[in-house]
file upload_19.cif (mmCIF, C-alpha atoms and all ligand atoms)
data_my_file
loop_
_atom_site.group_PDB
_atom_site.id
_atom_site.type_symbol
_atom_site.label_atom_id
_atom_site.label_comp_id
_atom_site.auth_asym_id
_atom_site.auth_seq_id
_atom_site.Cartn_x
_atom_site.Cartn_y
_atom_site.Cartn_z
ATOM 1 C CA MET A 144 65.655 80.703 41.936
ATOM 2 C CA SER A 145 66.992 78.924 38.887
ATOM 3 C CA GLU A 146 69.644 76.246 39.214
ATOM 4 C CA ILE A 147 72.072 78.280 37.084
ATOM 5 C CA THR A 148 71.738 81.346 39.361
ATOM 6 C CA THR A 149 72.348 79.150 42.389
ATOM 7 C CA THR A 150 75.467 77.605 40.873
ATOM 8 C CA LEU A 151 76.787 81.032 39.855
ATOM 9 C CA GLU A 152 76.197 82.386 43.367
ATOM 10 C CA ILE A 153 78.032 79.445 44.926
ATOM 11 C CA LEU A 154 80.905 79.947 42.481
ATOM 12 C CA ALA A 155 81.039 83.624 43.482
ATOM 13 C CA ILE A 156 81.069 82.721 47.202
ATOM 14 C CA ARG A 157 83.752 80.091 46.604
ATOM 15 C CA ALA A 158 85.852 82.669 44.713
ATOM 16 C CA TYR A 159 85.425 85.076 47.642
ATOM 17 C CA GLY A 160 87.118 82.423 49.808
ATOM 18 C CA ALA A 161 85.831 83.610 53.211
ATOM 19 C CA ILE A 162 84.600 80.161 54.266
ATOM 20 C CA PRO A 163 85.069 76.746 52.687
ATOM 21 C CA VAL A 164 82.246 75.907 50.272
ATOM 22 C CA ASN A 165 81.547 72.221 49.676
ATOM 23 C CA ASP A 166 80.018 70.672 46.550
ATOM 24 C CA CYS A 167 76.916 69.665 48.547
ATOM 25 C CA ASP A 168 76.219 73.257 49.746
ATOM 26 C CA TYR A 169 73.193 75.036 48.252
ATOM 27 C CA VAL A 170 71.454 78.411 48.258
ATOM 28 C CA GLY A 171 68.218 78.484 50.266
ATOM 29 C CA GLU A 172 64.868 80.180 49.610
ATOM 30 C CA ASP A 173 66.123 83.388 51.260
ATOM 31 C CA GLY A 174 69.087 83.508 48.874
ATOM 32 C CA LEU A 175 71.632 82.624 51.585
ATOM 33 C CA LEU A 176 74.184 79.812 51.379
ATOM 34 C CA VAL A 177 73.259 76.685 53.369
ATOM 35 C CA CYS A 178 75.590 73.837 54.423
ATOM 36 C CA GLY A 179 74.752 70.641 52.533
ATOM 37 C CA LYS A 180 75.861 68.492 55.503
ATOM 38 C CA CYS A 181 74.110 70.026 58.530
ATOM 39 C CA HIS A 182 71.534 72.169 56.626
ATOM 40 C CA THR A 183 72.213 75.286 58.720
ATOM 41 C CA PRO A 184 73.180 78.669 57.153
ATOM 42 C CA LYS A 185 76.706 79.611 56.147
ATOM 43 C CA GLN A 186 75.534 83.163 55.449
ATOM 44 C CA CYS A 187 73.358 85.552 57.431
ATOM 45 C CA LYS A 188 72.028 89.126 57.502
ATOM 46 C CA PRO A 189 73.085 90.417 60.935
ATOM 47 C CA PHE A 190 72.213 94.102 60.351
ATOM 48 C CA HIS A 191 68.465 94.516 60.743
ATOM 49 C CA GLY A 192 66.791 96.367 57.895
ATOM 50 C CA LYS A 193 69.948 96.270 55.801
ATOM 51 C CA GLU A 194 70.751 93.890 53.031
ATOM 52 C CA ALA A 195 74.397 93.303 54.009
ATOM 53 C CA VAL A 196 75.213 89.591 53.979
ATOM 54 C CA VAL A 197 78.119 88.106 55.945
ATOM 55 C CA PHE A 198 79.511 84.619 56.231
ATOM 56 C CA CYS A 199 78.861 82.641 59.379
ATOM 57 C CA LEU A 200 79.741 79.206 60.709
ATOM 58 C CA CYS A 201 77.242 76.435 60.118
ATOM 59 C CA ASP A 202 76.702 73.908 62.961
ATOM 60 C CA CYS A 203 79.265 71.384 61.712
ATOM 61 C CA MET A 204 81.895 74.124 61.260
ATOM 62 C CA LYS A 205 81.182 75.368 64.809
ATOM 63 C CA GLN A 206 81.705 71.823 66.118
ATOM 64 C CA LYS A 207 84.973 71.479 64.169
ATOM 65 C CA ASP A 208 86.089 74.888 65.470
ATOM 66 C CA GLU A 209 85.407 73.801 69.053
ATOM 67 C CA LEU A 210 87.224 70.483 68.514
ATOM 68 C CA ASP A 211 90.275 72.293 67.010
ATOM 69 C CA ARG A 212 90.313 74.658 69.999
ATOM 70 C CA MET A 213 90.222 71.721 72.439
ATOM 71 C CA ILE A 214 93.062 69.944 70.586
ATOM 72 C CA ARG A 215 95.166 73.151 70.616
ATOM 73 C CA ASN A 216 94.523 73.579 74.372
ATOM 74 C CA ARG A 217 95.445 69.934 75.074
ATOM 75 C CA ARG A 218 98.717 70.280 73.098
ATOM 76 C CA GLN A 219 99.545 73.521 74.917
ATOM 77 C CA ILE A 220 98.944 71.795 78.286
ATOM 78 C CA GLU A 221 101.180 68.836 77.327
ATOM 79 C CA ARG A 222 103.931 71.286 76.248
ATOM 80 C CA CYS A 223 103.673 73.007 79.658
ATOM 81 C CA ARG A 224 103.873 69.598 81.379
ATOM 82 C CA THR A 225 107.086 68.712 79.512
ATOM 83 C CA ASP A 226 108.556 72.166 80.250
ATOM 84 C CA CYS A 227 107.775 71.589 83.939
ATOM 85 C CA PHE A 228 108.955 68.000 84.466
ATOM 86 C CA GLY A 229 111.162 67.101 81.483
ATOM 87 C CA THR A 230 111.597 63.316 81.528
ATOM 88 C CA SER A 231 111.064 62.920 85.289
ATOM 89 C CA ASP A 232 108.858 60.107 86.688
ATOM 90 C CA LEU A 233 106.853 62.890 88.332
ATOM 91 C CA MET A 234 105.413 63.549 84.868
ATOM 92 C CA ARG A 235 102.794 60.933 85.832
ATOM 93 C CA ALA A 236 102.112 62.157 89.405
ATOM 94 C CA ASP A 237 98.386 62.500 90.089
ATOM 95 C CA PHE A 238 96.226 63.132 93.179
ATOM 96 C CA ALA A 239 94.000 60.299 91.886
ATOM 97 C CA LYS A 240 96.903 57.841 92.448
ATOM 98 C CA ASP A 241 97.569 59.051 96.012
ATOM 99 C CA ASP A 242 97.440 56.053 98.409
ATOM 100 C CA GLY A 243 95.686 58.180 101.072
ATOM 101 C CA LYS A 244 98.143 57.090 103.793
ATOM 102 C CA ASN A 245 98.559 60.694 104.916
ATOM 103 C CA PRO A 246 95.089 62.332 104.733
ATOM 104 C CA LYS A 247 96.242 65.588 106.358
ATOM 105 C CA LEU A 248 98.975 66.017 103.748
ATOM 106 C CA THR A 249 96.561 65.208 100.917
ATOM 107 C CA GLN A 250 94.025 67.724 102.209
ATOM 108 C CA THR A 251 96.661 70.471 102.682
ATOM 109 C CA CYS A 252 97.997 69.924 99.152
ATOM 110 C CA LYS A 253 94.556 69.802 97.511
ATOM 111 C CA GLU A 254 93.507 73.013 99.277
ATOM 112 C CA PHE A 255 96.776 74.633 98.240
ATOM 113 C CA ALA A 256 96.185 73.584 94.592
ATOM 114 C CA GLU A 257 92.741 75.208 94.693
ATOM 115 C CA ARG A 258 94.221 78.474 95.989
ATOM 116 C CA VAL A 259 96.878 78.440 93.228
ATOM 117 C CA LYS A 260 94.198 77.839 90.592
ATOM 118 C CA SER A 261 92.201 80.765 92.044
ATOM 119 C CA HIS A 262 95.228 82.973 91.248
ATOM 120 C CA GLU A 263 96.152 83.488 94.884
ATOM 121 C CA SER A 264 99.882 83.517 95.677
ATOM 122 C CA PRO A 265 100.346 81.085 98.564
ATOM 123 C CA TRP A 266 103.686 79.548 99.558
ATOM 124 C CA LEU A 267 103.940 76.028 100.920
ATOM 125 C CA MET A 268 106.890 74.221 102.442
ATOM 126 C CA LEU A 269 106.626 70.448 102.747
ATOM 127 C CA TRP A 270 109.301 69.381 105.208
ATOM 128 C CA GLY A 271 110.196 65.974 106.560
ATOM 129 C CA ASP A 272 112.323 62.873 106.072
ATOM 130 C CA CYS A 273 113.374 61.360 102.735
ATOM 131 C CA GLY A 274 110.866 59.239 100.848
ATOM 132 C CA THR A 275 107.731 60.471 102.628
ATOM 133 C CA GLY A 276 106.138 61.615 99.360
ATOM 134 C CA LYS A 277 106.842 65.378 99.550
ATOM 135 C CA SER A 278 108.050 65.699 95.946
ATOM 136 C CA TYR A 279 105.195 63.538 94.683
ATOM 137 C CA MET A 280 102.564 65.723 96.343
ATOM 138 C CA ALA A 281 104.279 68.925 95.139
ATOM 139 C CA ALA A 282 104.211 67.450 91.609
ATOM 140 C CA CYS A 283 100.474 66.657 91.968
ATOM 141 C CA ILE A 284 99.834 70.333 92.771
ATOM 142 C CA ALA A 285 101.916 71.395 89.734
ATOM 143 C CA HIS A 286 99.879 69.047 87.497
ATOM 144 C CA GLU A 287 96.639 70.574 88.824
ATOM 145 C CA ALA A 288 97.930 74.067 88.003
ATOM 146 C CA ILE A 289 99.010 72.973 84.497
ATOM 147 C CA ASN A 290 95.634 71.309 83.851
ATOM 148 C CA ALA A 291 94.020 74.633 84.777
ATOM 149 C CA GLY A 292 96.045 76.341 82.032
ATOM 150 C CA MET A 293 98.905 77.696 84.167
ATOM 151 C CA THR A 294 102.637 77.286 83.537
ATOM 152 C CA ALA A 295 104.817 75.577 86.161
ATOM 153 C CA ARG A 296 108.449 74.569 86.737
ATOM 154 C CA PHE A 297 109.782 71.817 88.983
ATOM 155 C CA ILE A 298 113.453 72.444 89.733
ATOM 156 C CA THR A 299 116.243 71.819 92.236
ATOM 157 C CA VAL A 300 118.889 74.341 93.264
ATOM 158 C CA PRO A 301 121.689 72.367 91.487
ATOM 159 C CA GLU A 302 119.578 72.486 88.292
ATOM 160 C CA VAL A 303 119.373 76.277 88.615
ATOM 161 C CA GLU A 304 123.155 76.316 89.075
ATOM 162 C CA GLN A 305 123.480 74.371 85.769
ATOM 163 C CA MET A 306 121.103 76.763 84.008
ATOM 164 C CA LEU A 307 123.130 79.752 85.258
ATOM 165 C CA TRP A 308 126.342 78.081 84.111
ATOM 166 C CA ARG A 309 124.974 77.560 80.570
ATOM 167 C CA GLU A 310 123.303 80.965 80.211
ATOM 168 C CA ARG A 311 125.350 84.093 79.550
ATOM 169 C CA ASP A 312 122.527 86.377 80.722
ATOM 170 C CA LYS A 313 122.118 85.260 84.377
ATOM 171 C CA SER A 314 119.176 87.547 85.055
ATOM 172 C CA ALA A 315 117.246 85.835 82.210
ATOM 173 C CA VAL A 316 117.404 82.556 84.177
ATOM 174 C CA TYR A 317 115.874 84.166 87.275
ATOM 175 C CA ASP A 318 113.366 86.137 85.155
ATOM 176 C CA ALA A 319 112.134 82.900 83.540
ATOM 177 C CA LEU A 320 111.690 81.258 86.957
ATOM 178 C CA ASN A 321 109.913 84.317 88.345
ATOM 179 C CA THR A 322 107.414 84.637 85.506
ATOM 180 C CA VAL A 323 106.299 80.996 85.594
ATOM 181 C CA GLY A 324 102.809 80.504 87.130
ATOM 182 C CA LEU A 325 103.895 78.055 89.849
ATOM 183 C CA LEU A 326 107.468 77.306 90.909
ATOM 184 C CA VAL A 327 108.413 74.141 92.821
ATOM 185 C CA ILE A 328 111.881 74.086 94.387
ATOM 186 C CA ASP A 329 112.500 70.429 95.193
ATOM 187 C CA ASP A 330 114.959 69.083 97.796
ATOM 188 C CA PHE A 331 115.794 72.568 99.032
ATOM 189 C CA GLY A 332 118.750 72.594 101.432
ATOM 190 C CA CYS A 333 120.249 69.220 100.493
ATOM 191 C CA GLU A 334 122.686 70.754 97.971
ATOM 192 C CA ARG A 335 126.335 71.349 98.909
ATOM 193 C CA ARG A 336 126.941 74.527 100.925
ATOM 194 C CA THR A 337 129.118 77.122 99.211
ATOM 195 C CA ASP A 338 128.802 80.921 99.112
ATOM 196 C CA TYR A 339 127.762 80.628 95.462
ATOM 197 C CA MET A 340 125.009 78.064 96.144
ATOM 198 C CA ASP A 341 123.755 80.126 99.106
ATOM 199 C CA GLU A 342 123.547 83.156 96.818
ATOM 200 C CA ILE A 343 121.524 81.179 94.256
ATOM 201 C CA LYS A 344 119.128 80.020 96.993
ATOM 202 C CA PHE A 345 118.658 83.546 98.318
ATOM 203 C CA ASN A 346 118.144 84.975 94.808
ATOM 204 C CA LEU A 347 115.582 82.273 94.027
ATOM 205 C CA ILE A 348 113.538 82.899 97.180
ATOM 206 C CA ASP A 349 113.908 86.666 97.092
ATOM 207 C CA GLY A 350 113.068 86.983 93.372
ATOM 208 C CA ARG A 351 110.073 84.693 93.656
ATOM 209 C CA LEU A 352 108.708 86.596 96.675
ATOM 210 C CA ARG A 353 109.067 89.864 94.762
ATOM 211 C CA SER A 354 107.222 88.365 91.775
ATOM 212 C CA GLY A 355 104.153 87.883 94.005
ATOM 213 C CA LYS A 356 103.581 84.401 92.585
ATOM 214 C CA PRO A 357 103.007 81.049 94.328
ATOM 215 C CA CYS A 358 105.809 78.670 95.248
ATOM 216 C CA ILE A 359 106.265 75.217 96.794
ATOM 217 C CA ILE A 360 109.421 74.086 98.552
ATOM 218 C CA THR A 361 110.181 70.532 99.578
ATOM 219 C CA THR A 362 113.002 70.023 102.037
ATOM 220 C CA ASN A 363 114.674 67.607 104.457
ATOM 221 C CA LEU A 364 115.619 70.551 106.683
ATOM 222 C CA THR A 365 114.309 70.174 110.237
ATOM 223 C CA GLU A 366 112.572 72.469 112.728
ATOM 224 C CA GLN A 367 115.980 72.818 114.380
ATOM 225 C CA ASP A 368 117.460 74.109 111.086
ATOM 226 C CA PHE A 369 114.658 76.683 110.762
ATOM 227 C CA ALA A 370 114.763 77.782 114.407
ATOM 228 C CA ALA A 371 118.538 78.039 114.688
ATOM 229 C CA PRO A 372 120.161 78.372 111.240
ATOM 230 C CA SER A 373 123.775 77.214 111.298
ATOM 231 C CA ASP A 374 125.267 80.458 109.944
ATOM 232 C CA HIS A 375 124.482 83.976 108.750
ATOM 233 C CA ALA A 376 123.887 82.986 105.077
ATOM 234 C CA MET A 377 121.363 80.329 106.061
ATOM 235 C CA LYS A 378 119.698 82.701 108.539
ATOM 236 C CA ARG A 379 119.253 85.268 105.752
ATOM 237 C CA ILE A 380 117.630 82.674 103.448
ATOM 238 C CA ILE A 381 115.384 81.156 106.138
ATOM 239 C CA SER A 382 114.246 84.537 107.451
ATOM 240 C CA ARG A 383 113.264 85.704 103.922
ATOM 241 C CA LEU A 384 111.472 82.411 103.299
ATOM 242 C CA PHE A 385 109.456 82.552 106.524
ATOM 243 C CA GLU A 386 108.015 85.946 105.614
ATOM 244 C CA ARG A 387 105.468 84.079 103.535
ATOM 245 C CA VAL A 388 105.615 80.321 103.753
ATOM 246 C CA GLN A 389 102.997 77.987 105.239
ATOM 247 C CA THR A 390 104.695 74.838 106.569
ATOM 248 C CA CYS A 391 103.464 71.269 106.535
ATOM 249 C CA HIS A 392 105.356 68.525 108.347
ATOM 250 C CA VAL A 393 105.314 65.377 106.244
ATOM 251 C CA GLN A 394 105.742 62.274 108.374
ATOM 252 C CA GLY A 395 105.643 58.563 107.732
ATOM 253 C CA ALA A 396 107.789 55.625 106.758
ATOM 254 C CA ASP A 397 110.113 55.890 103.767
ATOM 255 C CA ARG A 398 107.789 54.900 100.884
ATOM 256 C CA ARG A 399 110.690 54.187 98.512
ATOM 257 C CA PHE A 400 112.097 51.545 100.887
ATOM 258 C CA ALA A 401 108.602 50.158 101.440
ATOM 259 C CA LYS A 402 108.188 49.764 97.660
ATOM 260 C CA LEU A 403 111.613 48.092 97.328
ATOM 261 C CA ARG A 404 110.684 45.692 100.162
ATOM 262 C CA GLU A 405 107.352 44.883 98.435
ATOM 263 C CA ARG A 406 109.129 44.169 95.137
ATOM 264 C CA ALA A 407 111.747 41.998 96.877
ATOM 265 C CA ALA A 408 108.965 40.039 98.628
ATOM 266 C CA GLU A 409 107.158 39.514 95.276
ATOM 267 C CA LYS A 410 110.335 38.043 93.741
ATOM 268 C CA ARG A 411 110.818 35.596 96.576
HETATM 269 ZN ZN ZN B 501 77.537 72.316 58.224
#
call {"tool": "encode", "arguments": {"input": "upload_19.cif", "output": "structure tokens"}}
result
Amino acid sequence: MSEITTTLEILAIRAYGAIPVNDCDYVGEDGLLVCGKCHTPKQCKPFHGKEAVVFCLCDCMKQKDELDRMIRNRRQIERCRTDCFGTSDLMRADFAKDDGKNPKLTQTCKEFAERVKSHESPWLMLWGDCGTGKSYMAACIAHEAINAGMTARFITVPEVEQMLWRERDKSAVYDALNTVGLLVIDDFGCERRTDYMDEIKFNLIDGRLRSGKPCIITTNLTEQDFAAPSDHAMKRIISRLFERVQTCHVQGADRRFAKLRERAAEKR
């Protein structure tokens, strides 16, 4: 093949614009365009016995394609993480940073994360005193789900109240929370008790159960509160919740106070 023919063919391919043609590219013995960087074909004849020629990705373009896909995935995951946690410290929660002080809790949460990632719809309630690490572990599960490509939201009931206050279309707020892959309702039951807040709580639980999607609840409510709800509204919420939820009692010293004590001791 003469050099002029080759150049003309490359010009024709370049004009066609299907794939980027570099100055170092050349036409091989078989008349097909070859990448000048990785020396693998940019054209092929996929239809046996026919002369039809189509463009294909050479090895370095395949690698770049794969890299672009990974970067897009990573950005999408980071967007989901921000949507889930906003500016909260829990943005950096990670099972790898767990201090292992409560192995049963760690195991329960890791198993739960696996079930969520397997597209099951489990419900988990982490209940116990303040500062025992319930929210942190719930956040670790949410991070696992996000890393697996799922969407998640970490909210409190007062935050939902704010969202409902801002949004004209109230059902859109609930719809958004019911379509998310994993919902975490943090500090459930510590908000002020009014008929309106009770209604929000019931709607949240009821809507999420109907959606058939997984949910985590962290709460300071006690066994006594579950067994003998203080009034009819609370009984209605608790009874709907217990149709599905697996409970895990989180015990231990208040880790926040322990950290403050450690810091104070370091300063001394
Ligand atoms: Zn190449």
call {"tool": "residues_near_ligand", "arguments": {"input": "upload_19.cif", "ligand": "ligand ZN 501 (chain B)", "cutoff": "6 Å", "atoms": "only C-alpha atoms and all ligand atoms", "output": "JSON, numbers by chain"}}
result
{"A": [178, 180, 181, 201, 202, 203, 204]}
call {"tool": "residues_around", "arguments": {"input": "upload_19.cif", "residues": "Met268 (chain A)", "least_positions_apart": "2", "cutoff": "9 Å", "atoms": "all atoms listed in the file", "output": "PyMOL selection string"}}
result
chain A and resi 266+270+358-362+388-392
call {"tool": "resolve_selection", "arguments": {"input": "upload_19.cif", "expression": "the PyMOL selection byres (((chain A and resi 252-263) around 9) and not hetatm)", "output": "ChimeraX atom specification"}}
result
/A:238,247-251,264-267,280-281,283-285,287-288,291-293,324-325,356-357
call {"tool": "atom_distance", "arguments": {"input": "upload_19.cif", "atom1": "CA of Ala376 (chain A)", "atom2": "CA of Cys273 (chain A)"}}
result
24.2 Å
call {"tool": "resolve_selection", "arguments": {"input": "upload_19.cif", "expression": "the PyMOL selection byres (((chain A and resi 169) around 8) and not hetatm)", "output": "count of residues only"}}
result
10
call {"tool": "closest_residue", "arguments": {"input": "upload_19.cif", "among": "A:Arg218, A:Glu342, A:Glu405, A:Thr275", "to": "Arg379 (chain A)", "atoms": "only C-alpha atoms"}}
result
A:Glu342
call {"tool": "residues_around", "arguments": {"input": "upload_19.cif", "residues": "region 299-311 of chain A", "least_positions_apart": "4", "cutoff": "7 Å", "atoms": "all atoms listed in the file", "output": "PyMOL selection string"}}
result
chain A and resi 316+328-331+334+344
call {"tool": "closest_residue", "arguments": {"input": "upload_19.cif", "among": "A:Ile380, A:Ala282, A:Ala371, A:Leu326", "to": "Arg235 (chain A)", "atoms": "only C-alpha atoms"}}
result
A:Ala282
call {"tool": "resolve_selection", "arguments": {"input": "upload_19.cif", "expression": "the PyMOL selection byres (((chain A and resi 197) around 7) and not hetatm)", "output": "ChimeraX atom specification"}}
result
/A:186-188,195-196,198-199
call {"tool": "atom_distance", "arguments": {"input": "upload_19.cif", "atom1": "CA of Arg212 (chain A)", "atom2": "CA of Met234 (chain A)"}}
result
23.9 Å
call {"tool": "closest_residue", "arguments": {"input": "upload_19.cif", "among": "A:Arg215, A:His375, A:His182, A:Lys313", "to": "Asp338 (chain A)", "atoms": "all atoms listed in the file"}}
result
A:His375
call {"tool": "residues_near_point", "arguments": {"input": "upload_19.cif", "point": "(114.7, 85.6, 90.5)", "cutoff": "12 Å", "atoms": "all atoms listed in the file", "output": "VMD selection string"}}
result
chain A and resid 303 307 313 to 323 326 342 to 356
call {"tool": "atom_distance", "arguments": {"input": "upload_19.cif", "atom1": "CA of Ile381 (chain A)", "atom2": "CA of Asp232 (chain A)"}}
result
29.4 Å
call {"tool": "closest_residue", "arguments": {"input": "upload_19.cif", "among": "A:Ala236, A:Leu210, A:Pro184, A:Ile162", "to": "Arg224 (chain A)", "atoms": "all atoms listed in the file"}}
result
A:Ala236
call {"tool": "axis_aligned_box", "arguments": {"input": "upload_19.cif", "around": "region 279-286 of chain A", "padding_each_side": "6 Å", "output": "JSON"}}
result
{"center_x": 102.5, "center_y": 67.5, "center_z": 91.9, "size_x": 17.4, "size_y": 19.9, "size_z": 20.8}
call {"tool": "closest_residue", "arguments": {"input": "upload_19.cif", "among": "A:Thr365, A:Asn245, A:Thr337, A:Thr225", "to": "Arg296 (chain A)", "atoms": "only C-alpha atoms"}}
result
A:Thr225
call {"tool": "build_atoms", "arguments": {"input": "upload_19.cif", "residues": "region 309-326 of chain A", "atoms": "N, CA, C and O atoms", "output": "tab-separated table (two decimals), in the frame of the given file"}}
result
chain	number	residue	atom	x	y	z
A	309	ARG	N	125.15	77.62	82.04
A	309	ARG	CA	124.97	77.56	80.57
A	309	ARG	C	124.61	78.91	79.98
A	309	ARG	O	124.94	79.21	78.84
A	310	GLU	N	123.88	79.72	80.75
A	310	GLU	CA	123.30	80.96	80.21
A	310	GLU	C	124.21	82.16	80.47
A	310	GLU	O	124.63	82.39	81.60
A	311	ARG	N	124.50	82.92	79.39
A	311	ARG	CA	125.35	84.09	79.55
A	311	ARG	C	124.62	85.17	80.37
A	311	ARG	O	125.20	85.79	81.25
A	312	ASP	N	123.33	85.36	80.04
A	312	ASP	CA	122.53	86.38	80.72
A	312	ASP	C	121.89	85.76	81.98
A	312	ASP	O	120.83	85.16	81.92
A	313	LYS	N	122.58	85.91	83.13
A	313	LYS	CA	122.12	85.26	84.38
A	313	LYS	C	120.73	85.73	84.80
A	313	LYS	O	119.93	84.95	85.31
A	314	SER	N	120.47	87.04	84.59
A	314	SER	CA	119.18	87.55	85.06
A	314	SER	C	118.03	86.92	84.27
A	314	SER	O	116.91	86.80	84.78
A	315	ALA	N	118.30	86.48	83.02
A	315	ALA	CA	117.25	85.84	82.21
A	315	ALA	C	116.79	84.54	82.85
A	315	ALA	O	115.62	84.17	82.77
A	316	VAL	N	117.74	83.82	83.51
A	316	VAL	CA	117.40	82.56	84.18
A	316	VAL	C	116.42	82.84	85.32
A	316	VAL	O	115.38	82.20	85.43
A	317	TYR	N	116.76	83.82	86.15
A	317	TYR	CA	115.87	84.17	87.28
A	317	TYR	C	114.54	84.73	86.77
A	317	TYR	O	113.48	84.40	87.31
A	318	ASP	N	114.61	85.55	85.70
A	318	ASP	CA	113.37	86.14	85.16
A	318	ASP	C	112.41	85.03	84.71
A	318	ASP	O	111.21	85.09	84.98
A	319	ALA	N	112.97	84.01	84.03
A	319	ALA	CA	112.13	82.90	83.54
A	319	ALA	C	111.48	82.18	84.72
A	319	ALA	O	110.31	81.81	84.66
A	320	LEU	N	112.24	81.98	85.80
A	320	LEU	CA	111.69	81.26	86.96
A	320	LEU	C	110.70	82.12	87.74
A	320	LEU	O	109.83	81.60	88.43
A	321	ASN	N	110.82	83.43	87.61
A	321	ASN	CA	109.91	84.32	88.34
A	321	ASN	C	108.64	84.63	87.58
A	321	ASN	O	107.67	85.14	88.16
A	322	THR	N	108.63	84.35	86.27
A	322	THR	CA	107.41	84.64	85.51
A	322	THR	C	106.53	83.39	85.39
A	322	THR	O	105.36	83.50	85.03
A	323	VAL	N	107.08	82.23	85.70
A	323	VAL	CA	106.30	81.00	85.59
A	323	VAL	C	105.16	81.02	86.63
A	323	VAL	O	105.31	81.58	87.72
A	324	GLY	N	103.99	80.43	86.27
A	324	GLY	CA	102.81	80.50	87.13
A	324	GLY	C	102.99	79.90	88.51
A	324	GLY	O	102.57	80.46	89.51
A	325	LEU	N	103.62	78.71	88.56
A	325	LEU	CA	103.90	78.06	89.85
A	325	LEU	C	105.32	77.50	89.81
A	325	LEU	O	105.68	76.79	88.87
A	326	LEU	N	106.10	77.82	90.83
A	326	LEU	CA	107.47	77.31	90.91
A	326	LEU	C	107.56	76.30	92.05
A	326	LEU	O	107.09	76.56	93.16
